[in-house]
Each structure stands twice: as structure tokens, then as C-alpha cells.
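*Asks:* Submitted below is the structure of interest, expressed as C-alpha cells.
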Amino acid sequence: MIRIEPRPATSTAFKLGLPILSAVIAILGAAIPLAFAGADILTAYGEMVKGVFGSLFAFSEMLTRATPLIFTGLAAALAFRARLWNIGAEGQLYLGAMAAVAIGAGAIEAPGYILLPLIIMLGCAAGAAGMVVPTMLKTRFGADEVVTTLLLNFIILIFLQYMLEGPLKDPYGLGWPQSAPILDEGVLPTLMARMRVHSGLIIALVAAAVAQVMLSHSVWGFKLRAVGENAPAARHAGIGVNRSLLSVAIVSGGLAGLAGVSEVAGLKGYLTADLSPGFGYTGIVVAMLAGLSPMGVVVAALFIASVFVGADSMSRSMGVSSYLADLIVSMSLLCVLVGGFFARFRITRTGSSASKTGEA
Amino acid sequence: MPCRPVRPPDAPAFLLSSKMTVDLTVTQTTQTKVLSLSGLSKRFGSVIANDVIDLDLHQGEVLALLGENGAGKTTLMNMLFGHYLPDAGTVEVADEGGQMQALSLGHPQAALAAGIGMVHQHFALAENLSALNNIVLGSERLGRWRRDLRAARAKIEQIMQRTGLVVTLDTPVGRLSVGERQRVEILKALYRDVRILVLDEPTAVLTPQEADTLFDNIGAMTREGLSVIFISHKLREVLAFSQRIAVLRHGKKVGEIATADADERIIARMMVGADTPETPRTDMTAGAPVLELEGVSVTGRSKRDSLVGASLTLNAHEILGIAGVSGNGQSALAGLISGLTKPSAGTIRIGGADIATVTPANMIKAGVGRIPEDRHHDGIVGAMSVAENMVIERLNSAEVSRAGFLKKDAIKANAETLSRNYDVRGPGVDARARLLSGGNIQKLILARVFEQTPQLILANQPTRGLDMLAASEVARRLLEARETGAGIVLISEDLDEILSLADRVVVIHDGEMVEAGTRDREVIGLMMAGEATPHEPQQSGAGTK
């Protein structure tokens with residue numbers, strides 16, 4: 001008879017080792033579909049590594065891909081720490097992007113040191129608004145934020161299509177549903193000549209560092225952790241639970257909005273409905289892989305960006321589907337979730353069917 | 001026959017604890033044995049829940065199984081009843097002819113067939129079925145419902161007549177009182193012709209009168225030849241109603257004593273293994289009012305968590321005991337004072353100042369220290385450190401934070417001082433609070449509360465689930481706070497605790513609070529059941545609208 005019992009404590013080594021082990025298992029597991037696809041496994045992995053580390057350009061592409069994932073990963077990680085399940089980073093990302101092009105694509109003409117901060121702030125505010133609404137529905141009426149934030153994604157996407165066909169449509173866009181480009185003054189400068197990696201990455205890294213410090217060293221972070229770990233005890237201790245939730249909603253939504261700003265103002269230049277290949281959802285995987293730690297999010301985002309960029313390169317040179325990247329990402333999430341179960345419980349074998357766990 | 005450990009038959013007196021010199025002989029030799037546990041051991045992981053326990057039960061006897069929380073009482077009974085399989089040891093039960101037969105362990109069916117019944121602390125009744133249906137439920141064969149029910153009713157009525165365990169058989173259980181529900185549970189066992197009945201903490205939810213009735217009924221049943229084991233940690237009732245007492249401590253049987261030879265001090269020492277420190281209680285004159293409720297009502301989801309026009313005054317240097325059967329509005333009163341529950345009417349003054357908006361933060365600001373009933377759920381954030389839990393109620397004070405950032409060193413130093421002063425033991429102040437034992441979690445909360453020298457303290461079930469040493473420490477701290485000038489609201493289901501600590505007693509029943517005006521157990525008990533009026537009505541302000 002197998003018995004499942006809670007572990008008294010989880011070691012630090014286990015917590016650190018779990019995501020690494022999950023990533024390794026996921027990458028090794030990808031060999032199975034690779035073999036089915038008829039590719040030579042070692043060559044394929046070699047191509048993947050080359051696709052990320054093979055050249056400075058490849059590496060910069062990986063960093064470019066990681067940038068929005070750091071933002072959405074942080075958005076998920078901070079909200080999840082407070083047990084606020086923000087599944088709406090995808091929608092908030094587009095809200096931020098829409099705000100960026102709404103004022104950055106010609107509505108206001110100002111020098112860069114005014115326009116760029118303005119774009120960033122309004123993008124943040126738009127993303128934050130997209131999370132504050134479902135959070136207020138939760139604190140006021142008890143509406144489940146998993147449902148509301150998830151469904152808001154689709155509403156926002158339809159709103160985006162309307163905006164791109166209407167108010168935000170580029171008059172010189174040859175009829176394509178896309179916005180006018182961000183003015184040069186509003187563009188996030190690139191970090192290296194002839195590379196796409198842009199200063200959004202710096203903002204993302206600073207955001208992660210600030211989040212890490214705030215979480216463990218500030219009163220705000222203390223309250224957020226207390227609310228997430230035991231809301232009734234936090235309320236009993238005089239912590240305003242709803243206030244904490246709203247404040248983390250603003251931060252979480254704002255970070256997701258920043259992902260949109262950074263993609264539009266740093267990479268694409270203009271907004272289309274396919275700006276994000278699911279960065280909002282992948283951010284959840286990043287956050288889980290990072291164990292909801294802000295600095296962990298940076299590492300996890302780099303890993304997942306490497307998988308995507310590496311798999312792209314592999315699929316080009318080996319002729320296998322680039323969906324393999326999604327497979328690896330999904331498997332690593334599954335491994336983390338299963339591993340998380342083993343971090344909290346252990347399985348023991350007992351001799352008899354009649355014995356059960358119980359208190360003395 | 002299974003082999004048994006070698007030990008002298010009917011070993012006489014024994015107090016296995018090394019320092020004890022009490023030598024008492026149990027004279028049970030003339031009676032017939034109906035149950036014999038020998039060498040029962042059970043281990044859960046690294047915890048030895050039961051360590052080679054031998055226990056005999058004789059016909060018509062009431063044996064009290066006494067021990068603190070975690071001493072192994074429930075584990076032992078669960079092995080007897082087949083819920084757990086022992087790691088070692090055997091059980092023999094007398095069959096109907098009086099012959100001892102080995103019981104097949106690990107099978108509740110076998111225990112039932114051998115005539116062993118158990119009434120758990122938490123009842124297992126279907127609330128929408130009648131008492132009669134509840135009693136026969138599970139013992140009927142399908143397809144013969146109606147005819148058996150008529151026979152069953154006759155049989156139950158006969159049992160009720162013999163034992164005095166009377167309930168109205170046709171009332172849905174949901175409409176019966178707690179005492180009646182317990183009778184249904186016992187009837188359920190008797191209907192199955194048990195010869196040995198195990199009662200797990202049977203009086204935990206009863207008023208003193210209901211408890212007395214229960215023990216009268218048990219007396220009637222034992223005269224009919226039933227043998228009873230009752231599990232308890234209340235010394236008073238064990239001394240009053242049992243013939244023999246067996247004491248468990250840390251999974252070992254530390255002794256057995258004839259009730260006639262025992263007194264509270266002896267068995268308390270057997271349970272704890274040391275003398276429990278006395279909590280001296282000095283006379284004090286009450287000071288200025290610290291808590292005034294005027295016509296305060298709380299509208300809860302049900303009558304059980306509501307208050308109706310409560311008025312009371314609590315002064316400094318005073319402990320006010322709130323006596324009542326659980327679920328009569330205590331949670332509403334506790335919620336009110338801790339700030340979690342907003343009143344629907346009335347005024348609350350603390351230290352003479354009106355509390356306009358009732359929130360936990362405002363209550364803390366007004367100098368209210370709160371010891372919550374559910375210390376794991378409301379008292380601590382288990383995943384956060386001991387140090388963090390010690391400052392969680394005053395995050396914005398200058399000692400804890402500056403400009404929104406935590407003073408980590410000061411928080412840690414504070415926790416180390418408090419741990420020393422309040423004897424909080426555990427893996428350290430940086431460890432997660434959930435790793436502490438229940439007693440140490442309570443000490444953490446006491447440290448957090450008393451360190452702020454509150455003028456008003458809400459102590460809601462402060463000793464529930466604690467071992468006797470930890471409980472006496474809580475009592476000592478409460479009395480100390482009373483001496484230094486705090487007013488204390490003590491909510492407890494244990495009337496003995498209230499009578500030993502409180503200066504005044506208020507009885508809460510159905511959301512109404514009435515000053516008892518007496519310390520008489522009988523009168524208070526009747527008031528708890530809603531069957532008596534206060535001794536001196538309308539005295540010192542407590543009453544209903």
C-alpha cells in the first residue's frame with residue numbers, strides 16, 4: 001500500500017534543484033519526438049545550442065525574446081505570491097501596447113526624454129487598469145479572478161482588432177490592420193549596433209531586481225506574502241487584505257503592460273494583433289519555473305527564450321517542426337508541477353492495507 | 001493463542017515514572033475480564049504513538065483513559081476498533097459465553113462483530129434523517145426496510161427504557177440538541193448489541209447538566225453489564241464517574257489507579273510527569289472600564305454566530321469569563337473584539353474611547369491584544385518566519401520598519417529576545433512558524449500580544465489543545481496581565497478553566513449574554529443550557545434588549 005504524507009520541511013537544495021531537474025528532463029524528453037521526426041538527435045541538439053550560443057547575433061536574439069517574458073513572468077510571479085491568479089497578462093500586455101501607440105505614434109510630439117517616459121507610464125497604467133478591474137470584482141463580489149482575467153484576454157483581443165481597424169489604424173498602412181509606427185523619439189534604443197536587443201531588457205532586469213528587494217525587504221512585500229500565505233491570519237493581524245490585493249494587481253498588470261510597451265516601442269515599432277505569440281501565458285510558465293521568485297524569473301525567462309530561439313534555429317536547419325519548443329516548455333512546466341507535489345509530499349510504502357495516516 | 005510478553009499476571013500497582021513513590025493497589029481480581037490489550041505498539045514515521053501498552057477492562061466497569069493531547073489515547077482506541085493496524089501486540093475480547101477470543105486486528109467489522117462500539121467526538125449522523133433511521137442505518141439488509149424498522153423501534157424503545165437514554169425517535173437529527181445527538185450515537189452502538197463501548201471525549205460539547213445525565217445513563221448501562229472506556233482529559237469528571245483510571249503519557253501507559261485512591265494532584269502528576277505549577281491568583285480591585293459594549297448586535301449567517309443586544313462592562317484588573325456551549329455566539333463576540341466582525345447596532349468603547357469603525361487594525365491601535373481561537377489558521381502565517389510572525393501586527397512601528405522598508409536586524413533581535421522571555425522553543429527565529437509545536441505557537445502569540453502591554457486582551461480558547469504545562473503558562477501570563485492592569489475577556493468551553501481564572505462570569509446562550517452573578521456550577525450550567533435566569537438579574541449591566 002502506498003501512502004502519501006506531507007513533508008515537514010523542504011530543503012533549499014530541493015527547491016533550487018527542482019526547476020533545473022525539470023528543465024533537464026524536459027530537454028531530454030524532447031529526444032523522443034525528435035527521433036520520431038527522423039532527425040539525428042545529437043545533431044539536432046547541437047543545432048539548438050548553436051541557435052542560442054553560436055553567434056553574438058543568436059545570443060542577442062535570445063535576449064530579445066527573453067525581455068517580454070521577464071515582464072510577464074514577474075507579473076505572474078508577484079500576483080501569484082499574493083494568491084491573486086492573474087491569467088490575464090496577455091490582455092494586459094496588449095492594453096499596454098495600445099496605450100503606447102495611442103500616444104507614441106504621433107498624438108503627442110515631444111522630445112524623447114519626455115515622450116518615452118510618458119509612453120512607459122501610460123502603458124503601465126493601461127496594463128494595471130486591466131488587472132485592477134477583475135481584482136475589484138474579486139474583492140467586492142467574490143468573482144473568481146481566474147475566470148475574469150482569462151476571459152478578459154479575449155475581450156481585449158477583440159477590442160484590439162477593432163482599434164487596429166479603426167481609431168489606431170495606420171492611414172499609410174496599405175489597409176493592413178496595424179497601427180502607425182511609434183515616433184523615433186518614443187523608441188526604446190537598441191543596446192548593440194545591428195542587433196535587435198533593446199533597452200527594454202535593462203528595464204526588465206531593473207524591474208526584477210526591484211521586485212526582489214521589495215518582496216523580501218519592504219512592508220509592502222511582507223504584507224503581500226502574508227496575504228498570499230494565509231489571508232485570514234493577515235486580516236486578523238490588521239493587514240488590509242483587499243488593499244494588498246489591489247496594490248499587487250496594479251504592479252502585476254503594470255508589468256504586463258510594460259511587456260507590451262517594450263515589444264512595441266523596442267522591437268516592432270508598430271502594433272499588430274500578432275505582437276505577442278502568447279507571452280502572457282508563457283509568463284505563467286516562467287513564474288512557476290522560477291518558483292515565484294523575481295530573480296528566478298530572469299533565469300527562467302532566459303531558459304525558455306533559449307528553448308524557443310534554439311528550437312526555431314533547429315527547425316530551420318533540421319527540417320523538424322518548431323512546435324518542439326512548445327513541447328519542451330510544456331514538459332518543463334509539468335515537471336515543475338509534479339516536482340512541486342513531491343516537494344510538499346512524500347510517498348512511503350506501508351506494509352498493510354489497514355494502516356492509515358492519523359494523529360496520535 | 002498469540003504469544004504475549006512475559007509479565008506477572010495482574011500486576012499490582014505501578015507508577016512507572018521514576019521519581020514517583022505512590023504505591024496503590026488496584027483490586028479488580030474478582031471481576032471478569034471482557035477485554036485485554038497486550039503489548040500494543042504503533043509507530044507513525046519517527047513518532048511512537050503507542051509503546052507496548054497493556055490494558056484490561058472488566059465487566060460492568062467504567063475505565064477512564066486519561067492523557068494529554070498526543071499521549072496516544074485515540075491511537076490506542078483506533079487500534080482496538082480496527083482503524084489502525086498495530087505494529088505489535090494482540091487484543092482479546094470475551095465472546096458471549098465469556099471466553100476470551102483473539103480479535104482479528106485491522107478490521108472494524110471484526111471489532112463490531114466482537115461487540116465493541118465506539119462513539120467518536122465528532123458525530124457521524126445524517127442530519128436530515130430521523131433519529132430512528134440514523135440508529136438503524138447500516139445495520140439493515142436492503143429490501144426488508146419496513147418490517148425491520150418496526151422491530152427496530154421496539155428494540156430501541158426497550159433500550160431507552162433500560163438505560164434512560166431517551167430521544168424522540170421520529171425527529172430529524174438536525175433538530176436535536178447536541179446532547180440528544182450524542183444519545184443517538186450511543187443508541188446506535190447499543191442497538192448493535194455492543195458489550196464494550198468506547199466514548200471519545202464525550203463531554204466536550206455538553207453542558208455540565210448534560211454531562212451529568214450522560215454519566216447517569218452510563219451508570220445504568222454498566223449495571224446491565226456493559227463495559228465502558230471513556231477517553232477524557234478533564235480530571236474532575238474522570239474522578240467523579242470512573243472506577244479505574246489508566247493514564248497514558250508520550251505513548252506509554254504510565255500508570256493505572258483505582259479512582260477511589262486518586263485525587264486531582266496525583267493524576268495530574270501522572271499525566272504530566274511533573275508537578276504542574278500553581279497559578280496564584282491575588283485579589284485585586286477592579287479599575288476603570290476598558291471595554292464597554294452597549295446594545296451591541298451582530299448579525300451573523302446563523303443564530304449561532306450572532307449577538308443580540310449585548311451589553312457588558314469589563315474593568316482593568318479583571319478577567320471576565322464567557323461561559324457557554326460552543327456555537328452560541330462566542331465567535332461573534334470574539335470577532336467583534338478582534339475587529340473581524342462589524343456590529344450591526346450598538347456602541348463599543350475601549351478605554352473610554354468609541355471605536356467608530358471596527359477593523360483589526362483599529363482594535364490593535366486601541367490597545368487590544370487578541371489571542372485567536374484557531375491559532376494555526378488565524379494566529380500565524382505558517383509559511384513565514386517566527387520573527388516575522390512576531391511583528392506582523394505592528395509593521396509600521398518605528399522598531400519594525402522605516403520608510404516602508406523592514407529593519408531585518410531589529411526584527412530578528414526582537415524575536416530572539418521574545419523567544420527567550422516567553423520560552424518559545426523551536427528550530428530558531430528564522431524558521432517557518434508552522435514548524436513550531438502547538439504550545440510554542442501559542443507562546444509566540446502570547447509574546448506578540450503581551451509585549452505590547454495591551455489594556456484589553458481577548459483570550460479565545462487560549463488553552464485548547466495545549467498540554468498542561470503550556471496551559472498553566474498561559475494561565476500564569478493572563479493573571480500577570482490582570483495584575484499589571486489589563487482587562488481580559490476569557491472565552492472558554494471549559495467551565496473549570498473559567499471558574500479558576502475569572503473574576504466575573506457571563507453566560508452566553510443563543511447570542512444573548514447574561515451576567516451569571518454566581519460561581520455556582522449548577523446555576524451556570526443551567527444558564528448555559530438556556531434553562532435558568534441569572535441569580536441577580538440586571539446586575540452590573542449585562543442583559544438583553
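Chain lettering (A, B, ...) mirrors the order of the C-alpha cells, residue numbering begins at 1 for each chain separately, and ligand numbering begins at 1 in order of display.
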Pull out every residue of chain B that has at least one atom within 6 Å of chain A, counting only C-alpha atoms, and report them as an MDAnalysis selection string.
*Replies:* chainID B and resid 49 70 72 75 84:85 106 360:361 378:381 393 404:406
*Asks:* Selection from above, N, CA and C atoms, as a PDB file, in the first residue's frame, can you write it?
*Replies:*
```pdb
ATOM      1  N   ALA B  49       3.524   6.364  18.678  1.00  0.00           N
ATOM      2  CA  ALA B  49       2.241   6.810  19.210  1.00  0.00           C
ATOM      3  C   ALA B  49       1.816   5.944  20.385  1.00  0.00           C
ATOM      4  N   GLY B  70      -2.050  14.046  22.288  1.00  0.00           N
ATOM      5  CA  GLY B  70      -0.876  13.407  21.727  1.00  0.00           C
ATOM      6  C   GLY B  70      -0.283  12.330  22.604  1.00  0.00           C
ATOM      7  N   GLY B  72      -1.579   9.446  23.007  1.00  0.00           N
ATOM      8  CA  GLY B  72      -1.796   8.173  22.351  1.00  0.00           C
ATOM      9  C   GLY B  72      -3.135   7.523  22.652  1.00  0.00           C
ATOM     10  N   THR B  75      -5.139   6.882  19.324  1.00  0.00           N
ATOM     11  CA  THR B  75      -4.471   5.842  18.540  1.00  0.00           C
ATOM     12  C   THR B  75      -4.786   4.464  19.109  1.00  0.00           C
ATOM     13  N   TYR B  84      -6.657   1.342  12.818  1.00  0.00           N
ATOM     14  CA  TYR B  84      -5.228   1.207  12.586  1.00  0.00           C
ATOM     15  C   TYR B  84      -4.824  -0.229  12.873  1.00  0.00           C
ATOM     16  N   LEU B  85      -3.800  -0.672  12.136  1.00  0.00           N
ATOM     17  CA  LEU B  85      -3.234  -1.981  12.407  1.00  0.00           C
ATOM     18  C   LEU B  85      -2.018  -1.787  13.312  1.00  0.00           C
ATOM     19  N   GLY B 106      -7.241  -4.744  12.703  1.00  0.00           N
ATOM     20  CA  GLY B 106      -7.246  -4.031  11.434  1.00  0.00           C
ATOM     21  C   GLY B 106      -8.560  -4.143  10.689  1.00  0.00           C
ATOM     22  N   PRO B 360      -9.594  45.067  12.438  1.00  0.00           N
ATOM     23  CA  PRO B 360      -8.488  44.549  13.244  1.00  0.00           C
ATOM     24  C   PRO B 360      -7.440  45.614  13.515  1.00  0.00           C
ATOM     25  N   ALA B 361      -7.105  46.420  12.492  1.00  0.00           N
ATOM     26  CA  ALA B 361      -6.059  47.430  12.676  1.00  0.00           C
ATOM     27  C   ALA B 361      -6.465  48.448  13.746  1.00  0.00           C
ATOM     28  N   ASP B 378      -5.693  31.515  12.220  1.00  0.00           N
ATOM     29  CA  ASP B 378      -5.790  32.971  12.346  1.00  0.00           C
ATOM     30  C   ASP B 378      -4.586  33.590  13.047  1.00  0.00           C
ATOM     31  N   GLY B 379      -3.861  32.769  13.801  1.00  0.00           N
ATOM     32  CA  GLY B 379      -2.834  33.343  14.659  1.00  0.00           C
ATOM     33  C   GLY B 379      -1.505  33.560  13.977  1.00  0.00           C
ATOM     34  N   ILE B 380      -1.129  32.662  13.099  1.00  0.00           N
ATOM     35  CA  ILE B 380       0.188  32.786  12.481  1.00  0.00           C
ATOM     36  C   ILE B 380       0.090  32.565  10.977  1.00  0.00           C
ATOM     37  N   VAL B 381       1.053  33.116  10.278  1.00  0.00           N
ATOM     38  CA  VAL B 381       1.245  32.763   8.871  1.00  0.00           C
ATOM     39  C   VAL B 381       2.334  31.696   8.877  1.00  0.00           C
ATOM     40  N   GLU B 393       1.776  42.310  13.589  1.00  0.00           N
ATOM     41  CA  GLU B 393       0.699  43.236  13.959  1.00  0.00           C
ATOM     42  C   GLU B 393       1.165  44.690  14.048  1.00  0.00           C
ATOM     43  N   GLY B 404       8.950  52.407   4.926  1.00  0.00           N
ATOM     44  CA  GLY B 404       8.390  51.309   4.150  1.00  0.00           C
ATOM     45  C   GLY B 404       9.298  50.110   3.998  1.00  0.00           C
ATOM     46  N   PHE B 405      10.504  50.192   4.573  1.00  0.00           N
ATOM     47  CA  PHE B 405      11.398  49.038   4.482  1.00  0.00           C
ATOM     48  C   PHE B 405      11.618  48.406   5.847  1.00  0.00           C
ATOM     49  N   LEU B 406      11.675  47.087   5.862  1.00  0.00           N
ATOM     50  CA  LEU B 406      11.770  46.353   7.117  1.00  0.00           C
ATOM     51  C   LEU B 406      13.167  46.476   7.708  1.00  0.00           C
TER      52      LEU B 406
END
```
*Asks:* Where in range 266-460 of chain B does DSSP assign strand (DSSP E), given as a ChimeraX atom specification?
*Replies:* /B:289-298,307-315,318-323,345-350,353-354,368-371,401-402,405-406,456-460
*Asks:* Include C-alpha atoms and write out the residues we just selected as a compact mmCIF listing (two decimals), in the first residue's frame.
*Replies:*
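For reference, selection14.txt as written:
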```
# COMPACT_ATOMS: atom_id res chain seq x y z
CA PRO B 289 -13.60 50.32 32.38
CA VAL B 290 -11.50 49.06 29.46
CA LEU B 291 -14.30 47.55 27.40
CA GLU B 292 -17.89 48.73 27.26
CA LEU B 293 -20.47 47.19 24.97
CA GLU B 294 -23.83 48.93 24.78
CA GLY B 295 -26.64 47.13 23.00
CA VAL B 296 -24.25 45.59 20.50
CA SER B 297 -25.76 43.26 17.95
CA VAL B 298 -24.01 41.18 15.36
CA LEU B 307 -25.12 38.57 19.12
CA VAL B 308 -28.37 40.11 20.31
CA GLY B 309 -28.16 43.46 22.07
CA ALA B 310 -25.15 42.58 24.16
CA SER B 311 -24.16 44.97 26.92
CA LEU B 312 -21.27 44.49 29.27
CA THR B 313 -18.55 46.34 31.06
CA LEU B 314 -15.09 44.99 31.71
CA ASN B 315 -12.73 46.85 34.01
CA GLU B 318 -10.48 41.99 35.82
CA ILE B 319 -10.93 38.70 33.99
CA LEU B 320 -14.39 38.23 32.54
CA GLY B 321 -15.16 34.60 31.77
CA ILE B 322 -17.57 33.93 28.93
CA ALA B 323 -19.15 30.55 29.64
CA ALA B 345 -26.02 48.02 16.10
CA GLY B 346 -24.70 49.40 19.36
CA THR B 347 -21.54 51.13 20.55
CA ILE B 348 -18.18 49.74 21.56
CA ARG B 349 -15.84 51.73 23.78
CA ILE B 350 -12.31 50.66 24.55
CA ALA B 353 -12.96 55.88 23.57
CA ASP B 354 -15.55 54.99 20.95
CA VAL B 368 -6.42 45.28 22.21
CA GLY B 369 -4.36 42.11 22.36
CA ARG B 370 -6.02 39.22 20.60
CA ILE B 371 -5.36 35.52 21.20
CA SER B 401 10.25 49.46 9.62
CA ARG B 402 11.50 52.78 8.32
CA PHE B 405 11.40 49.04 4.48
CA LEU B 406 11.77 46.35 7.12
CA LEU B 456 -7.74 44.76 26.77
CA ILE B 457 -6.99 41.14 25.99
CA LEU B 458 -9.25 38.75 24.15
CA ALA B 459 -8.29 35.20 25.06
CA ASN B 460 -10.42 32.88 22.96
```
*Asks:* Report, in Å with one decimal, the straight-line distance from CA of Pro117 in chain A to CA of Leu93 in chain A.
*Replies:*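 Going from CA of Pro117 in chain A over to CA of Leu93 in chain A, I get 17.2 Å.
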*Asks:* Can I get the residues of range 242-341 of chain A within 12 Å of range 69-74 of chain A, each with the closest pair of atoms and their distance in Å to one decimal, using only C-alpha atoms, sorted chain first then ascending number, as a Markdown table?
*Replies:*
```
| residue | atom | partner | partner_atom | distance |
| --- | --- | --- | --- | --- |
| A:Val248 | CA | A:Leu74 | CA | 11.2 |
| A:Ala249 | CA | A:Leu74 | CA | 11.9 |
| A:Val251 | CA | A:Leu74 | CA | 9.4 |
| A:Ser252 | CA | A:Leu74 | CA | 7.3 |
| A:Gly253 | CA | A:Thr72 | CA | 9.0 |
| A:Gly254 | CA | A:Phe71 | CA | 9.2 |
| A:Leu255 | CA | A:Phe71 | CA | 5.5 |
| A:Ala256 | CA | A:Thr72 | CA | 5.0 |
| A:Gly257 | CA | A:Phe71 | CA | 8.5 |
| A:Leu258 | CA | A:Phe71 | CA | 6.8 |
| A:Ala259 | CA | A:Phe71 | CA | 5.3 |
| A:Gly260 | CA | A:Phe71 | CA | 9.1 |
| A:Val261 | CA | A:Phe71 | CA | 10.4 |
| A:Ser262 | CA | A:Phe71 | CA | 9.2 |
| A:Glu263 | CA | A:Leu69 | CA | 10.6 |
| A:Ser276 | CA | A:Leu69 | CA | 10.3 |
| A:Pro277 | CA | A:Leu69 | CA | 10.9 |
| A:Gly278 | CA | A:Leu69 | CA | 9.7 |
| A:Phe279 | CA | A:Leu69 | CA | 6.0 |
| A:Gly280 | CA | A:Thr72 | CA | 5.6 |
| A:Tyr281 | CA | A:Thr72 | CA | 8.1 |
| A:Thr282 | CA | A:Leu69 | CA | 7.1 |
| A:Gly283 | CA | A:Gly73 | CA | 4.0 |
| A:Ile284 | CA | A:Gly73 | CA | 6.0 |
| A:Val285 | CA | A:Gly73 | CA | 7.6 |
| A:Val286 | CA | A:Gly73 | CA | 5.2 |
| A:Ala287 | CA | A:Gly73 | CA | 4.9 |
| A:Met288 | CA | A:Gly73 | CA | 8.5 |
| A:Leu289 | CA | A:Gly73 | CA | 9.5 |
| A:Ala290 | CA | A:Gly73 | CA | 8.6 |
| A:Gly291 | CA | A:Gly73 | CA | 10.7 |
| A:Leu292 | CA | A:Leu74 | CA | 8.1 |
| A:Ser293 | CA | A:Leu74 | CA | 8.3 |
| A:Pro294 | CA | A:Leu74 | CA | 6.0 |
| A:Met295 | CA | A:Leu74 | CA | 8.9 |
| A:Gly296 | CA | A:Leu74 | CA | 9.4 |
| A:Val297 | CA | A:Gly73 | CA | 5.9 |
| A:Val298 | CA | A:Ile70 | CA | 5.7 |
| A:Val299 | CA | A:Ile70 | CA | 8.8 |
| A:Ala300 | CA | A:Ile70 | CA | 8.3 |
| A:Ala301 | CA | A:Leu69 | CA | 5.5 |
| A:Leu302 | CA | A:Ile70 | CA | 8.2 |
| A:Phe303 | CA | A:Leu69 | CA | 10.3 |
| A:Ile304 | CA | A:Leu69 | CA | 8.4 |
| A:Ala305 | CA | A:Leu69 | CA | 7.8 |
| A:Ser306 | CA | A:Leu69 | CA | 11.4 |
| A:Phe308 | CA | A:Leu69 | CA | 11.5 |
```
*Asks:* Mind checking which residues fall within 10 Å of Ser315 in chain A, counting only C-alpha atoms, ignoring those fewer than 5 positions away in the same chain, and posting them as a list in words?
*Replies:*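 Residues meeting the cut-off are Ala44, Glu47, Met48, Val309, Gly310, Val320, Ser321, Ser322, Tyr323, Leu324 and Ala325 of chain A.
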*Asks:* Go ahead and save the picked residues with N, CA and C atoms, as a short mmCIF file (atom, residue, chain, number, x, y, z; two decimals), in the first residue's frame.
*Replies:*
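result.cif written:
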```
data_model
loop_
_atom_site.label_atom_id
_atom_site.label_comp_id
_atom_site.auth_asym_id
_atom_site.auth_seq_id
_atom_site.Cartn_x
_atom_site.Cartn_y
_atom_site.Cartn_z
N ALA A 44 20.64 17.52 -33.80
CA ALA A 44 19.53 18.44 -33.54
C ALA A 44 19.81 19.28 -32.30
N GLU A 47 22.38 21.82 -33.05
CA GLU A 47 21.82 22.97 -33.77
C GLU A 47 21.10 23.91 -32.81
N MET A 48 20.44 23.29 -31.84
CA MET A 48 19.69 24.09 -30.87
C MET A 48 20.64 24.97 -30.05
N VAL A 309 14.19 30.12 -29.17
CA VAL A 309 15.10 30.56 -30.22
C VAL A 309 15.90 29.37 -30.76
N GLY A 310 16.36 28.50 -29.84
CA GLY A 310 17.12 27.33 -30.26
C GLY A 310 16.29 26.39 -31.12
N VAL A 320 12.64 19.93 -38.82
CA VAL A 320 11.61 19.42 -37.90
C VAL A 320 10.76 20.60 -37.43
N SER A 321 9.60 20.27 -36.93
CA SER A 321 8.66 21.33 -36.56
C SER A 321 9.18 22.13 -35.37
N SER A 322 8.97 23.45 -35.41
CA SER A 322 9.41 24.29 -34.30
C SER A 322 8.45 24.18 -33.12
N TYR A 323 7.37 23.45 -33.30
CA TYR A 323 6.46 23.22 -32.16
C TYR A 323 7.15 22.44 -31.04
N LEU A 324 8.30 21.86 -31.39
CA LEU A 324 9.08 21.16 -30.39
C LEU A 324 9.37 22.08 -29.19
N ALA A 325 9.54 23.38 -29.49
CA ALA A 325 9.82 24.34 -28.42
C ALA A 325 8.66 24.36 -27.43
#
```
